[in-house]
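Colleague: Dumping the structure here so I can ask a few things about it.
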Number of protein chains: 2
Amino acid sequence: MSAAAPSSIAVIGLGLIGGSLGRAAARCGCSVRGFDRSPAEAALHHADFQLCDSVAEAVEGVDAAVVATPVLAMREIIHELRSATVDLAEPPLLTDTASTKDAVAGFVAEAWGTPPPNWVFSHPLAGSERSGFAASSGDLFRNAPVLISPTETSSDAAVSAVSGLWSRLGAVPHILDLSRHDSVLALTSHLPHLLAFALMRAVLREGGAEMLNYSAGGFRDFSRIASSDADVWADIAVCNAGNISRMLGRYGEVLEQLREALDAGDRESLRALFAEAARARDAHYDSESAA
Amino acid sequence: MSAAAPSSIAVIGLGLIGGSLGRAAARCGCSVRGFDRSPAEAALHHADFQLCDSVAEAVEGVDAAVVATPVLAMREIIHELRSATVDLAEPPLLTDTASTKDAVAGFVAEAWGTPPPNWVFSHPLAGSERSGFAASSGDLFRNAPVLISPTETSSDAAVSAVSGLWSRLGAVPHILDLSRHDSVLALTSHLPHLLAFALMRAVLREGGAEMLNYSAGGFRDFSRIASSDADVWADIAVCNAGNISRMLGRYGEVLEQLREALDAGDRESLRALFAEAARARDAHYDSESAA
């Protein structure tokens, strides 16, 4: 495995994330091989990719392989990756793009026992409410944070190489401890997605879709992630169910506080909670835009 | 009162909405008088407005007056509006921009008894997470829906005139029955705002502001409305507390369904709920962008 940023890469799974990754890598001059169980028409015709017929063919001789399928589909892929690379003297850098890591770490442990030194988890914090290769873009990762989570047995060279790969694609690597990943993301990503899905559900139950005619830009932006791919998110939900359920419980407590304040007509408590929320959000996004 | 679109207008309250209204009206060639209890520096220097020292001065001789303050401040303004216009042979068209109507209807009933024929409620579904005159824009209402709610005693001429005023400012009028306004908006606007404030609260409780470093564009858009003005939203919350509390309760039931499905590992129920949500959202926004 080369410690330098990879110059050839296999992308397994050519949806929004995998397609974007392949396009960004090809634009950087990387040689890109792609594999998808059901190759999208667009991918088939993408001149920058060499489409392969199997995981084994895709990873043969590459510097790095990235698994970018929905998380439950990674299990079988990871077993195939092991078979294709375990006997190599210089196996490729191996990583994934999953939004939940405990499940993927389980798949790696199933396949290898002890995770191999060339495996490092990564999770680009970029996406779109649209899905599939047709929605992919070589710009998707530009300035996006990417969370890098080494295993206990990841080599330093592999950690550097996966960070280098994402940097080259325009992303900004941050190390996040593997044991914290799923509880942190349950709060910052999985909870808001479920809240947005739930809002659409509540609207359909309480008044039907025509209620949306009485909504404004706030609703549109709030609910954008409710247009996300249902299968991708069902995988994430079941793979991180414990953390997400716990966060939903904590969130429910905040909603109960709000209800009590509403029922008591306690304007001052409501104002204080709103002001604290606005301050915290502004502090983050103002400093981000100033950076 | 003229049934044609007003050519002179008084705007009471020069924050985001009132400022935008004045700017849009001035750009259409309307003569604009503005009044604010604490006139913003920017408003003072806005060449298109004639700033006045009182409600009475602002409304003298105008075709229309719009109350655009936070909702609780409207009570006193509405009493002043009555004093200034009740004895006029041709009183101006009177309207407001409040997000909750039961409270404002109560203020009108307090001031007049029977609402005057020249009063028609209006609610532009446009805004920004920023607030104050500095954030105002003459383009804020362009293509935005505006809900027009006549009282039982509004004259047809007044309903036409208030619709004409908003059309001239670029908005698209829709009639919404006054008795439905507050429950509909509790679902489509007030609930999402409170959910966004609550998410920031949950983030601060569960991990602190640095959690936001692990969030992506989904969180940013979902939480945008949590940057809204705390005082404006505290007024809205207490003025529509009953409906919002009821919607929070119904929303809590959906969250309980989600938790049960998560705890049971019921991927199929989760997928079905997510898919239904995405379909309903896409159907609305795809048809909107096609229109």
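Letters A, B, ... mark the chains of the structure tokens in the order given; residue numbers begin at 1 per chain; ligand numbers begin at 1, in order shown.
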I'd like the neighbourhood of Ala209 (chain B) as an MDAnalysis selection string, where a residue qualifies if any of its atoms comes within 9 Å (using only C-alpha atoms), though same-chain residues fewer than 6 positions away should be ignored.
Modeller: (chainID A and resid 280:281 283:284) or (chainID B and resid 200 203)
Colleague: Hey, list the chain A side of the contact with chain B: 7 Å cut-off, only C-alpha atoms, answer as a VMD selection string.
Modeller: chain A and resid 125 to 126 187 to 189 192 197 to 198 200 to 203 209 211 to 212 214 to 219 221 to 223 225 to 228 230 to 231 234 237 to 238 241 245 251 254 to 255 259 262 to 263 265 267 270 to 271 274 to 275 277 to 278 280 to 282
Colleague: Could you go through region 17-262 of chain A and tell me which residues DSSP, when run on the backbone, assigns to strand (DSSP E or B), listing them as a PyMOL selection string?
Modeller: chain A and resi 31-35+49-51+64-67+93-96+119-124+145-150+172-175
Colleague: Can you pull out every residue within 7 Å of Ser149 (chain A), counting only C-alpha atoms, but drop anything in the same chain fewer than 2 positions away, and send it as number ranges by chain?
Modeller: A: 120-122, 147, 151, 175-178
Colleague: Expressed in Å to a single decimal, how great is the separation between CA of Ala64 (chain B) and CA of Ile9 (chain B)?
Modeller: 4.8 Å
Colleague: If we count only C-alpha atoms, what is near region 103-112 of chain A at a cut-off of 12 Å, once residues fewer than 2 positions away on the same chain are taken out, given as an MDAnalysis selection string?
Modeller: chainID A and resid 67:87 94:101 114:123 149:153 178:179 181:182 235:242
Colleague: Residues at most 10 Å from Val32 (chain B), counting only C-alpha atoms, excluding those fewer than 2 positions away in the same chain, as a count of residues only?
Modeller: 23
Colleague: Rounded to one decimal place, report the CA of Asp63 (chain B)-CA of Ser131 (chain B) distance in Å.
Modeller: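 We find that CA of Asp63 (chain B) and CA of Ser131 (chain B) lie 27.3 Å from each other.
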Colleague: What is the CA of Val162 (chain A)-CA of Gly19 (chain A) distance in Å, reported with one decimal?
Modeller: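 We find that CA of Val162 (chain A) and CA of Gly19 (chain A) lie 17.9 Å from each other.
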Colleague: Please extract the residues of region 155-235 of chain B with a backbone DSSP assignment of helix (DSSP H, G or I) and present them as a ChimeraX atom specification.
Modeller: /B:156-168,178-206,209-214,217-222,224-227,230-235
Colleague: Taking only C-alpha atoms into account, name the residue in A:Ala186, A:Leu169, A:Ala5, A:Leu14 that is nearest to Leu140 (chain A).
Modeller: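 Among the listed residues, A:Leu169 lies closest to Leu140 (chain A).
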